[in-house]
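Novice: Take a look at the following structure, please.
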Number of protein chains: 6
Amino acid sequence: MRNNIEVVKTLLEALPYIKRFANKKIVIKYGGSAQTSNSLKEQFAQDIVLLHLVGMKPIVVHGGGKSITNLLSDLGVDTKFIDGQRVTTKEVMRIVEMVLSGEINKEIVSLLDNHGSKAIGISGKDGGFLKGMPKDFENFGYTGNIEHINPEIVNNIIDEGAIPVIAPIAGSSVMGHPGFNINADLAASKIAVAMKASKILFLTDTPGVLNKEMQLITNLSIEKTEALKANGTIRGGMVPKIDACIEALRGGVKKAHIIDGRVEHSLLLEILTSSGVGTCIEL
Amino acid sequence: MRNNIEVVKTLLEALPYIKRFANKKIVIKYGGSAQTSNSLKEQFAQDIVLLHLVGMKPIVVHGGGKSITNLLSDLGVDTKFIDGQRVTTKEVMRIVEMVLSGEINKEIVSLLDNHGSKAIGISGKDGGFLKGMPKDFENFGYTGNIEHINPEIVNNIIDEGAIPVIAPIAGSSVMGHPGFNINADLAASKIAVAMKASKILFLTDTPGVLNKEMQLITNLSIEKTEALKANGTIRGGMVPKIDACIEALRGGVKKAHIIDGRVEHSLLLEILTSSGVGTCIEL
Amino acid sequence: MRNNIEVVKTLLEALPYIKRFANKKIVIKYGGSAQTSNSLKEQFAQDIVLLHLVGMKPIVVHGGGKSITNLLSDLGVDTKFIDGQRVTTKEVMRIVEMVLSGEINKEIVSLLDNHGSKAIGISGKDGGFLKGMPKDFENFGYTGNIEHINPEIVNNIIDEGAIPVIAPIAGSSVMGHPGFNINADLAASKIAVAMKASKILFLTDTPGVLNKEMQLITNLSIEKTEALKANGTIRGGMVPKIDACIEALRGGVKKAHIIDGRVEHSLLLEILTSSGVGTCIEL
Amino acid sequence: MRNNIEVVKTLLEALPYIKRFANKKIVIKYGGSAQTSNSLKEQFAQDIVLLHLVGMKPIVVHGGGKSITNLLSDLGVDTKFIDGQRVTTKEVMRIVEMVLSGEINKEIVSLLDNHGSKAIGISGKDGGFLKGMPKDFENFGYTGNIEHINPEIVNNIIDEGAIPVIAPIAGSSVMGHPGFNINADLAASKIAVAMKASKILFLTDTPGVLNKEMQLITNLSIEKTEALKANGTIRGGMVPKIDACIEALRGGVKKAHIIDGRVEHSLLLEILTSSGVGTCIEL
Amino acid sequence: MRNNIEVVKTLLEALPYIKRFANKKIVIKYGGSAQTSNSLKEQFAQDIVLLHLVGMKPIVVHGGGKSITNLLSDLGVDTKFIDGQRVTTKEVMRIVEMVLSGEINKEIVSLLDNHGSKAIGISGKDGGFLKGMPKDFENFGYTGNIEHINPEIVNNIIDEGAIPVIAPIAGSSVMGHPGFNINADLAASKIAVAMKASKILFLTDTPGVLNKEMQLITNLSIEKTEALKANGTIRGGMVPKIDACIEALRGGVKKAHIIDGRVEHSLLLEILTSSGVGTCIEL
Amino acid sequence: MRNNIEVVKTLLEALPYIKRFANKKIVIKYGGSAQTSNSLKEQFAQDIVLLHLVGMKPIVVHGGGKSITNLLSDLGVDTKFIDGQRVTTKEVMRIVEMVLSGEINKEIVSLLDNHGSKAIGISGKDGGFLKGMPKDFENFGYTGNIEHINPEIVNNIIDEGAIPVIAPIAGSSVMGHPGFNINADLAASKIAVAMKASKILFLTDTPGVLNKEMQLITNLSIEKTEALKANGTIRGGMVPKIDACIEALRGGVKKAHIIDGRVEHSLLLEILTSSGVGTCIEL
């Protein structure tokens with residue numbers, strides 16, 4: 001029982017955090033190791049279910065990561081990257097969609113269901129949620145940007161008491177069009193703005209934003225962030241994530257976080273405890 | 001304008017049919033050639049959208065047909081059938097799900113969206129819609145039966161004014177389970193009962209039920225149908241469809257139809273005109 | 001069945017028109033031959049019921065035409081017209097109201113009911129829908145104009161899924177007052193504005209607006225319409241209808257149509273086919 | 001102010017009566033002198049408006065009385081009665097309907113509107129409220145009985161906060177049928193049952209039920225009432241009213257009253273004071 | 001029955017007053033003799049219940065008057081007044097709250113319940129209705145002013161069909177704080193503004209505002225009222241009541257009344273008859 | 001951060017408990033030391049607020065304990081007990097009510113408000129929630145039993161998202177009656193049944209039910225409990241609590257707990273951890 005008193009005190013420490021985000025929408029970009037390690041997957045599901053049960057409204061946007069590459073390779077489909085962005089041919093698009101909407105999306109839905117929360121998985125094609133346009137058709141094919149978001153379908157899912165799980169595929173108004181492959185970070189950011197989320201978190205395979213001395217920077221303003229980009233401190237794969245953060249903040253989201261998805265329960269650590277894990281960017 | 005008067009008169013002929021099914025749920029099992037021919041696909045989408053616009057509530061349940069076999073073959077995955085039923089190994093299950101939930105389901109959603117109706121595609125895993133159990137795990141692996149249906153999620157989709165499009169995959173309550181591959185005909189039938197549908201239609205690659213002389217039988221009672229099964233007139237691939245019809249009728253659906261999906265606009269012909277296309281079975 | 005395929009194709013041709021006006025309010029001024037010929041009456045009812053069933057919200061405003069004149073004559077009541085407008089004495093007012101609210105209104109309600117749509121007939125006195133004021137009491141007695149519209153009662157009828165059928169009689173706030181006889185064209189136009197209708201159609205005994213060569217003009221802008229009035233091309237009985245059109249358009253209605261009620265199913269021709277019947281005026 | 005204290009005390013005396021019928025439906029059959037004398041009309045309107053304002057739900061069913069006879073006579077239409085019941089030819093039916101639905105109904109609506117309560121006048125044809133069948137077509141023509149009541153339309157009017165005013169005309173399911181002329185007493189009684197009214201009052205031109213000595217009987221059971229009918233004490237025009245009372249009571253209405261419509265404010269006297277005016281019949 | 005006709009006529013005289021305030025919120029500050037005399041209490045309850053039954057929405061705000069002083073004296077707690085305002089020590093605060101929230105509040109609730117209206121008694125602490133701040137802590141201790149009103153809880157009580165009865169105690173956001181003792185006149189005025197009441201009435205032990213000749217002034221503008229305050233005609237205990245009236249009027253309340261609570265049924269006299277009792281102040 | 005991972009793991013341990021009682025009503029009888037010690041009060045408030053925030057619906061029923069005795073003594077009012085039950089004279093009743101409804105009730109409301117949950121305090125008199133009858137008027141005066149519960153008012157409070165806090169006072173239908181003093185344990189039990197609660201907990205100043213060796217019994221069936229009562233193991237002040245438990249269980253409550261209110265956070269320990277604190281009785 002001694003131990004259980006510690007349990008109780010711990011719960012009470014979380015009380016102010018629970019209050020702060022009660023009924024708030026929180027977008028989580030799920031990707032990287034958190035999506036591949038079995039134990040991290042389980043922990044991710046527990047975290048989301050706990051946040052949901054204590055009254056928050058998590059919205060999961062996921063990537064497809066290695067599964068896409070693996071299936072393409074198994075099928076012997078050649079795939080090119082230009083400046084780190086995938087060139088999406090029609091053939092690639094079909095594979096991307098099958099993996100994202102058919103495999104990963106349903107795997108997350110099942111995980112959340114097994115841990116006790118109703119989840120509904122959709123792609124941007126469902127209910128006309130996301131309409132896309134080509135980024136640069138000549139060079140990147142069906143890699144696209146989001147042109148329009150209709151938040152109604154996701155609001156309905158939340159109002160039913162379910163957790164929306166979203167594959168970053170956008171539809172097209174053109175008859176017979178295969179749709180668009182959207183960068184998951186940018187999709188998360190646009191969705192956070194359209195859904196009027198309070199917070200967005202990116203689960204990554206890094207500790208967060210690092211300074212020149214490779215130490216974690218825990219808090220950043222937009223101005224400071226842009227300065228770090230300008231002087232090359234933020235570079236490489238971190239740049240699109242940072243851009244997604246800034247877009248979310250400029251669109252009205254209160255806080256954007258780059259957190260380390262390899263750390264167990266990093267989501268709960270960030271949202272329900274005094275530990276900041278990773279980098280928090282604010283307006 | 002002479003011609004347009006014919007148009008108007010035609011519309012008025014459809015009036016009694018429109019009235020009869022206004023606000024009624026109609027389950028359509030979509031499969032066969034109607035799912036592979038580009039022009040039949042377009043016509044299917046037009047038909048569903050028209051039914052939806054004039055006040056009916058279509059529910060589409062689809063199979064995956066040749067796409068599954070093709071992808072399995074492209075990936076070099078061996079696949080066996082016992083008595084015409086696929087043996088679903090874990091590896092096969094992954095492919096089945098990707099094709100059904102990720103490719104076919106979203107293709108139908110996009111088709112309906114492009115023709116003007118909001119559609120939302122789900123698999124039985126979403127919102128805990130379908131829970132399955134193994135049919136005979138030793139022999140068939142993850143080929144399963146439906147154990148439980150929670151109609152709430154599909155009712156919510158209908159209440160939002162959208163058309164539900166359902167991939168016949170069922171979830172499991174077992175943590176980490178890949179789910180179940182459900183026969184689409186049986187899924188359609190069980191769903192029609194659970195949703196309290198008025199009518200179920202199976203789009204097939206046959207004219208309907210044929211007698212010994214290979215002529216179409218347009219109307220059948222359950223009793224007569226069972227007699228035809230007993231004497232071998234109904235046999236082969238028609239048997240599971242007929243069984244699905246009987247299960248639907250026994251569960252409260254008013255009429256079950258086996259129609260010819262290769263005939264253009266066969267759905268509208270059946271529902272909105274005096275032509276019966278195919279075979280109608282009633283209690 | 002060949003024939004039924006034509007039926008189906010025809011239905012599909014109407015699809016874009018059905019989509020365009022789904023859930024839109026459409027005011028129809030019903031009068032002239034369409035109100036006196038038995039076969040035209042039946043066709044009118046079929047047209048309205050079809051529009052209603054496929055999701056539009058028709059609002060019928062009717063005149064009384066010859067029935068009023070006939071009853072006045074049967075009762076030996078003298079009746080005068082000044083500039084084509086009836087002088088409404090108290091005795092005439094009583095007859096006008098009996099014919100409009102008691103005979104014509106209920107006849108239309110029954111017609112629609114018999115063809116399968118719930119209809120509710122009201123006069124402007126019910127629920128305080130229309131309040132009037134005298135146009136020029138000294139010369140025209142109880143012939144009036146509409147002073148105030150309370151759209152709530154008609155919105156309630158529409159929300160119940162019924163078709164409102166409105167007799168153009170307005171009430172008065174003066175205790176014991178017999179009410180006002182309102183010109184049906186003007187009533188339709190004012191009601192279209194107050195109900196925020198998308199479209200108003202006037203069923204008349206003319207092909208539409210004719211040019212000097214007596215040929216039908218199919219499309220007009222308000223400016224052009226006023227020019228035609230100014231130069232006398234539009235004259236006589238067409239003037240008040242044209243004025244009603246312009247008032248509706250200025251009040252926010254998107255399109256106003258003068259159509260030929262003597263042509264069978266002219267309503268459906270106009271709304272659900274590519275044939276424009278009559279004249280369409282737009283802002 | 002002395003006087004105003006009396007006013008206040010009087011209001012408080014009415015308090016228990018107001019409480020008793022708060023939110024209760026009360027059907028009032030309006031007819032006889034109360035419908036012809038101008039001052040009684042005004043008092044009737046005041047009474048209904050007061051009952052409505054203090055929270056009751058009055059439903060007015062009216063007859064047409066002398067207006068029908070007068071108009072028939074003005075038009076030179078012969079009209080016959082067999083056993084006190086009008087023979088309704090098609091020509092008579094047209095006149096009956098015009099007077100009831102077009103004149104009397106709207107006059108009552110206006111009266112109530114002018115005294116401050118929203119009222120909506122309908123006939124049994126509106127919204128399919130009353131469907132009739134011939135009583136004895138050969139002998140009585142379009143004089144009918146009520147076959148079916150759909151209370152929804154009247155419930156909607158009450159829920160909008162308006163007073164329903166009902167003309168005793170029933171529709172028919174037969175295409176082109178002129179409808180049925182229903183005895184207003186019987187219509188009131190059937191409507192009271194269908195609407196689950198607590199009380200029904202018949203405004204008549206008699207003090208109530210009289211005994212052999214021509215004295216008013218203030219309270220009656222059904223049994224006693226039937227005995228008085230059997231022994232001829234109740235006879236003539238009182239019989240159909242008594243039958244209507246019994247039908248209402250047998251259908252679940254708590255109390256039926258025959259009251260003297262010639263007495264000023266007899267409605268309020270009966271409902272809001274300790275004075276019973278007329279005869280009260282209970283199960 | 002002669003007498004009952006007088007009753008009925010009296011009811012009808014009240015009709016315009018009932019109409020005028022139907023569905024309107026009316027704040028009544030209950031205090032003085034009306035709160036201490038048993039017969040005046042009963043009359044107050046009858047008045048409120050009648051107003052409630054005929055469709056108004058009374059909100060009762062009460063003081064505690066002599067009960068507080070008596071209990072303080074019984075407990076031997078010394079209590080001081082500065083400029084007519086109580087100095088509220090922590091000990092006094094506890095007594096004030098017990099009397100107001102525990103005794104008086106529940107007594108009024110029971111009175112209204114016994115006379116037939118559901119009543120719910122709250123203090124400003126309930127549901128965070130009133131938050132206070134000290135007026136001048138050094139001199140007056142826990143005597144406070146209202147800093148914030150959250151009208152939701154009282155609106156919910158009204159929407160449930162109950163009468164809110166409010167003790168003028170305000171809560172504090174400071175942990176463990178005993179709350180604030182609020183002047184009941186000022187509380188009533190602030191609440192009337194926050195609840196968007198149409199009228200506020202103060203039941204006092206005076207005939208109303210008197211002129212220099214000690215005659216009742218029945219009507220006052222704000223300007224005139226302030227002039228009377230400036231020249232000393234309004235003075236003493238009347239000043240805070242007058243200030244409360246002015247605050248209410250400035251906040252949007254239409255009329256404020258100072259009435260004589262010692263006159264039987266003064267509330268009904270004021271609201272439902274032509275007698276003005278006391279002084280009415282308007283913008 | 002190491003420490004915060006422990007925090008997170010602790011939260012996750014509570015997850016199954018949170019799920020189990022999500023949306024369930026839980027009645028807590030608050031009394032004894034938990035109501036007098038300042039630190040235990042704070043902890044009680046934290047516990048209730050946490051339960052509320054994570055989705056449960058706590059209903060607090062409180063006693064008055066020593067405050068009543070103290071105030072009676074301060075006022076020099078003699079008070080008698082017969083068989084451990086207070087004799088409630090009219091004078092005592094007034095004091096009881098002031099303390100319960102005016103002091104304790106509002107103190108709890110403020111505590112919960114300060115910790116972040118909206119709370120609304122009522123007594124059984126409000127909204128006619130509890131109607132009482134004398135237990136034995138001759139001997140016990142206004143000490144009463146509950147005769148009728150109207151759960152609507154408490155359900156409304158819960159539906160508003162607030163925590164109901166209930167003083168165990170019942171009203172009477174007798175005009176001018178002071179009401180009844182109800183034993184808080186019995187009130188809690190009756191309320192738990194009427195509100196269809198899942199669980200009832202009694203905070204007491206004992207470790208729970210003890211066996212003859214004075215060791216805690218952690219689980220009991222009703223039968224076993226009654227045996228212990230019969231053989232005198234359960235005796236004294238524990239008897240009425242045990243009777244309240246049995247009444248609740250017989251009325252449909254799933255579990256009843258006697259827990260030690262002197263242990264810090266005993267509520268959370270019982271509901272959200274594996275520790276059973278005290279005795280749990282089940283059907």
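Convention: chains lettered A, B, ... in structure tokens order; per-chain residue numbering from 1; ligands numbered from 1 as shown.
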Excluding same-chain residues fewer than 2 positions from Leu203 (chain C), what lies within 12 Å of it counting only C-alpha atoms, as JSON, numbers by chain?

Specialist: {"C": [27, 28, 29, 30, 31, 32, 33, 34, 35, 40, 41, 44, 60, 61, 62, 63, 184, 185, 188, 200, 201, 205, 206, 207, 208, 238, 241, 256, 257, 258, 259, 260, 261, 262, 263, 264, 265, 266, 267, 268, 270, 277, 278, 279]}

Novice: Chain B near chain A within 6 Å: what's each residue's closest atom pair and its distance in Å to one decimal, counting only C-alpha atoms, ordered by chain then ascending residue number, as CSV?

Specialist:
```
residue,atom,partner,partner_atom,distance
B:Leu75,CA,A:Leu75,CA,5.8
B:Glu97,CA,A:Gly102,CA,5.9
B:Met98,CA,A:Gly102,CA,4.1
B:Ser101,CA,A:Gly102,CA,4.5
B:Gly102,CA,A:Gly102,CA,3.5
B:Glu103,CA,A:Met98,CA,5.3
B:Asn114,CA,A:Met175,CA,5.6
B:Lys118,CA,A:Gly127,CA,5.1
B:Ala119,CA,A:Gly127,CA,5.1
B:Ile120,CA,A:Asp126,CA,4.6
B:Asp126,CA,A:Ile120,CA,4.6
B:Gly127,CA,A:Lys118,CA,5.1
B:Met175,CA,A:Asn114,CA,5.6
```

Novice: Go ahead and dump the residues you just picked, N, CA, C and O atoms, as a PDB file, in the first residue's frame.

Specialist:
```pdb
ATOM      1  N   LEU B  75       4.444 -10.542 -55.771  1.00  0.00           N
ATOM      2  CA  LEU B  75       5.354 -10.663 -54.623  1.00  0.00           C
ATOM      3  C   LEU B  75       5.868 -12.081 -54.461  1.00  0.00           C
ATOM      4  O   LEU B  75       6.650 -12.371 -53.550  1.00  0.00           O
ATOM      5  N   GLU B  97      -5.266  -7.366 -46.853  1.00  0.00           N
ATOM      6  CA  GLU B  97      -5.710  -6.133 -46.212  1.00  0.00           C
ATOM      7  C   GLU B  97      -5.243  -4.894 -46.981  1.00  0.00           C
ATOM      8  O   GLU B  97      -6.004  -3.943 -47.157  1.00  0.00           O
ATOM      9  N   MET B  98      -4.013  -4.926 -47.428  1.00  0.00           N
ATOM     10  CA  MET B  98      -3.512  -3.769 -48.172  1.00  0.00           C
ATOM     11  C   MET B  98      -4.343  -3.524 -49.427  1.00  0.00           C
ATOM     12  O   MET B  98      -4.680  -2.389 -49.756  1.00  0.00           O
ATOM     13  N   SER B 101      -8.351  -2.709 -48.051  1.00  0.00           N
ATOM     14  CA  SER B 101      -8.548  -1.448 -47.316  1.00  0.00           C
ATOM     15  C   SER B 101      -7.781  -0.301 -47.943  1.00  0.00           C
ATOM     16  O   SER B 101      -8.172   0.858 -47.795  1.00  0.00           O
ATOM     17  N   GLY B 102      -6.660  -0.606 -48.603  1.00  0.00           N
ATOM     18  CA  GLY B 102      -5.804   0.465 -49.078  1.00  0.00           C
ATOM     19  C   GLY B 102      -5.988   0.804 -50.537  1.00  0.00           C
ATOM     20  O   GLY B 102      -5.802   1.959 -50.937  1.00  0.00           O
ATOM     21  N   GLU B 103      -6.353  -0.169 -51.352  1.00  0.00           N
ATOM     22  CA  GLU B 103      -6.449   0.133 -52.775  1.00  0.00           C
ATOM     23  C   GLU B 103      -7.916   0.199 -53.235  1.00  0.00           C
ATOM     24  O   GLU B 103      -8.410   1.252 -53.616  1.00  0.00           O
ATOM     25  N   ASN B 114     -15.939  11.677 -56.908  1.00  0.00           N
ATOM     26  CA  ASN B 114     -15.851  12.359 -58.206  1.00  0.00           C
ATOM     27  C   ASN B 114     -17.212  12.479 -58.873  1.00  0.00           C
ATOM     28  O   ASN B 114     -17.443  13.398 -59.659  1.00  0.00           O
ATOM     29  N   LYS B 118     -20.531  12.269 -51.108  1.00  0.00           N
ATOM     30  CA  LYS B 118     -19.525  12.059 -50.079  1.00  0.00           C
ATOM     31  C   LYS B 118     -19.519  10.585 -49.712  1.00  0.00           C
ATOM     32  O   LYS B 118     -20.578  10.001 -49.465  1.00  0.00           O
ATOM     33  N   ALA B 119     -18.356   9.947 -49.686  1.00  0.00           N
ATOM     34  CA  ALA B 119     -18.259   8.539 -49.304  1.00  0.00           C
ATOM     35  C   ALA B 119     -17.172   8.394 -48.268  1.00  0.00           C
ATOM     36  O   ALA B 119     -16.188   9.142 -48.283  1.00  0.00           O
ATOM     37  N   ILE B 120     -17.364   7.471 -47.338  1.00  0.00           N
ATOM     38  CA  ILE B 120     -16.345   7.223 -46.319  1.00  0.00           C
ATOM     39  C   ILE B 120     -16.052   5.731 -46.316  1.00  0.00           C
ATOM     40  O   ILE B 120     -16.954   4.906 -46.160  1.00  0.00           O
ATOM     41  N   ASP B 126     -12.253  -0.609 -38.232  1.00  0.00           N
ATOM     42  CA  ASP B 126     -12.505   0.767 -37.793  1.00  0.00           C
ATOM     43  C   ASP B 126     -13.688   0.841 -36.830  1.00  0.00           C
ATOM     44  O   ASP B 126     -14.770   0.301 -37.104  1.00  0.00           O
ATOM     45  N   GLY B 127     -13.473   1.536 -35.732  1.00  0.00           N
ATOM     46  CA  GLY B 127     -14.549   1.724 -34.762  1.00  0.00           C
ATOM     47  C   GLY B 127     -15.093   0.410 -34.224  1.00  0.00           C
ATOM     48  O   GLY B 127     -16.217   0.360 -33.730  1.00  0.00           O
ATOM     49  N   MET B 175      -4.708  -8.894 -28.726  1.00  0.00           N
ATOM     50  CA  MET B 175      -3.651  -7.900 -28.911  1.00  0.00           C
ATOM     51  C   MET B 175      -2.681  -8.361 -30.015  1.00  0.00           C
ATOM     52  O   MET B 175      -2.188  -9.491 -29.980  1.00  0.00           O
TER      53      MET B 175
END
```

Novice: Once chain B is fitted to chain A on all Cα atoms paired one-to-one in order, how large is the remaining RMSD?

Specialist: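 With chain B fitted onto chain A, the C-alpha RMSD reads 0.1 Å.
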
Novice: Just asking: which residues within region 91-138 of chain C are alpha helix (DSSP H) according to DSSP, as a list in words?

Specialist: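 Those residues are Glu91, Val92, Met93, Arg94, Ile95, Val96, Glu97, Asn105, Lys106, Glu107, Ile108, Val109, Ser110, Leu111, Leu112, Asp113, Asn114, Phe137 and Glu138 of chain C.
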
Novice: Using only C-alpha atoms, find the one residue out of D:Gly132, D:Gly64, D:Leu15, D:Asn4 that sits nearest to Ile271 (chain E).

Specialist: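 Of the candidates, the smallest distance to Ile271 (chain E) is held by D:Asn4.
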
Novice: Give me the residues within 8 Å of Lys190 (chain F) as an MDAnalysis selection string, counting only C-alpha atoms and dropping any in the same chain fewer than 3 places off.

Specialist: chainID F and resid 146 186:187 193:194 247:248

Novice: Take the residues just selected and output them with all heavy atoms as a PDB file, in the first residue's frame.

Specialist:
```
ATOM      1  N   ILE F 146     -36.336   9.039   4.334  1.00  0.00           N
ATOM      2  CA  ILE F 146     -36.653   9.522   2.986  1.00  0.00           C
ATOM      3  C   ILE F 146     -37.843   8.756   2.438  1.00  0.00           C
ATOM      4  O   ILE F 146     -37.880   7.527   2.472  1.00  0.00           O
ATOM      5  CB  ILE F 146     -35.429   9.329   2.057  1.00  0.00           C
ATOM      6  CG1 ILE F 146     -34.302  10.282   2.498  1.00  0.00           C
ATOM      7  CG2 ILE F 146     -35.804   9.608   0.603  1.00  0.00           C
ATOM      8  CD1 ILE F 146     -33.004  10.073   1.760  1.00  0.00           C
ATOM      9  N   LEU F 186     -27.707   6.817   5.568  1.00  0.00           N
ATOM     10  CA  LEU F 186     -28.903   6.302   4.901  1.00  0.00           C
ATOM     11  C   LEU F 186     -29.261   7.140   3.680  1.00  0.00           C
ATOM     12  O   LEU F 186     -29.685   6.620   2.645  1.00  0.00           O
ATOM     13  CB  LEU F 186     -30.087   6.264   5.872  1.00  0.00           C
ATOM     14  CG  LEU F 186     -29.996   5.112   6.885  1.00  0.00           C
ATOM     15  CD1 LEU F 186     -31.089   5.253   7.938  1.00  0.00           C
ATOM     16  CD2 LEU F 186     -30.134   3.760   6.163  1.00  0.00           C
ATOM     17  N   ALA F 187     -29.072   8.461   3.809  1.00  0.00           N
ATOM     18  CA  ALA F 187     -29.339   9.328   2.659  1.00  0.00           C
ATOM     19  C   ALA F 187     -28.444   8.923   1.488  1.00  0.00           C
ATOM     20  O   ALA F 187     -28.898   8.766   0.345  1.00  0.00           O
ATOM     21  CB  ALA F 187     -29.105  10.790   3.028  1.00  0.00           C
ATOM     22  N   VAL F 193     -29.000   4.430  -4.832  1.00  0.00           N
ATOM     23  CA  VAL F 193     -29.972   3.572  -5.514  1.00  0.00           C
ATOM     24  C   VAL F 193     -30.773   4.390  -6.531  1.00  0.00           C
ATOM     25  O   VAL F 193     -30.904   4.009  -7.700  1.00  0.00           O
ATOM     26  CB  VAL F 193     -30.906   2.883  -4.494  1.00  0.00           C
ATOM     27  CG1 VAL F 193     -32.052   2.178  -5.213  1.00  0.00           C
ATOM     28  CG2 VAL F 193     -30.111   1.901  -3.630  1.00  0.00           C
ATOM     29  N   ALA F 194     -31.282   5.541  -6.100  1.00  0.00           N
ATOM     30  CA  ALA F 194     -32.131   6.345  -6.983  1.00  0.00           C
ATOM     31  C   ALA F 194     -31.353   6.871  -8.188  1.00  0.00           C
ATOM     32  O   ALA F 194     -31.901   7.018  -9.280  1.00  0.00           O
ATOM     33  CB  ALA F 194     -32.747   7.512  -6.203  1.00  0.00           C
ATOM     34  N   GLU F 247     -28.518  -1.917   2.021  1.00  0.00           N
ATOM     35  CA  GLU F 247     -29.631  -1.301   1.304  1.00  0.00           C
ATOM     36  C   GLU F 247     -29.212  -0.882  -0.109  1.00  0.00           C
ATOM     37  O   GLU F 247     -29.949  -1.072  -1.078  1.00  0.00           O
ATOM     38  CB  GLU F 247     -30.154  -0.087   2.074  1.00  0.00           C
ATOM     39  CG  GLU F 247     -31.279   0.601   1.328  1.00  0.00           C
ATOM     40  CD  GLU F 247     -32.177   1.435   2.214  1.00  0.00           C
ATOM     41  OE1 GLU F 247     -31.830   1.647   3.399  1.00  0.00           O
ATOM     42  OE2 GLU F 247     -33.237   1.877   1.714  1.00  0.00           O
ATOM     43  N   ALA F 248     -28.018  -0.315  -0.225  1.00  0.00           N
ATOM     44  CA  ALA F 248     -27.531   0.110  -1.540  1.00  0.00           C
ATOM     45  C   ALA F 248     -27.374  -1.096  -2.459  1.00  0.00           C
ATOM     46  O   ALA F 248     -27.830  -1.089  -3.612  1.00  0.00           O
ATOM     47  CB  ALA F 248     -26.202   0.860  -1.403  1.00  0.00           C
TER      48      ALA F 248
END
```

Novice: Tell me, in Å to one decimal, how far CA of Thr89 (chain A) is from CA of Gly141 (chain A).

Specialist: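 Between these atoms lies a distance of 5.5 Å.
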
Novice: Rank E:Ile26, E:Ile108, E:Met93, E:Ile217 by their smallest atom-to-atom distance to Ile169 (chain E), using only C-alpha atoms, and report the top residue only.

Specialist: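 For Ile169 (chain E), the nearest of the given residues is E:Met93.
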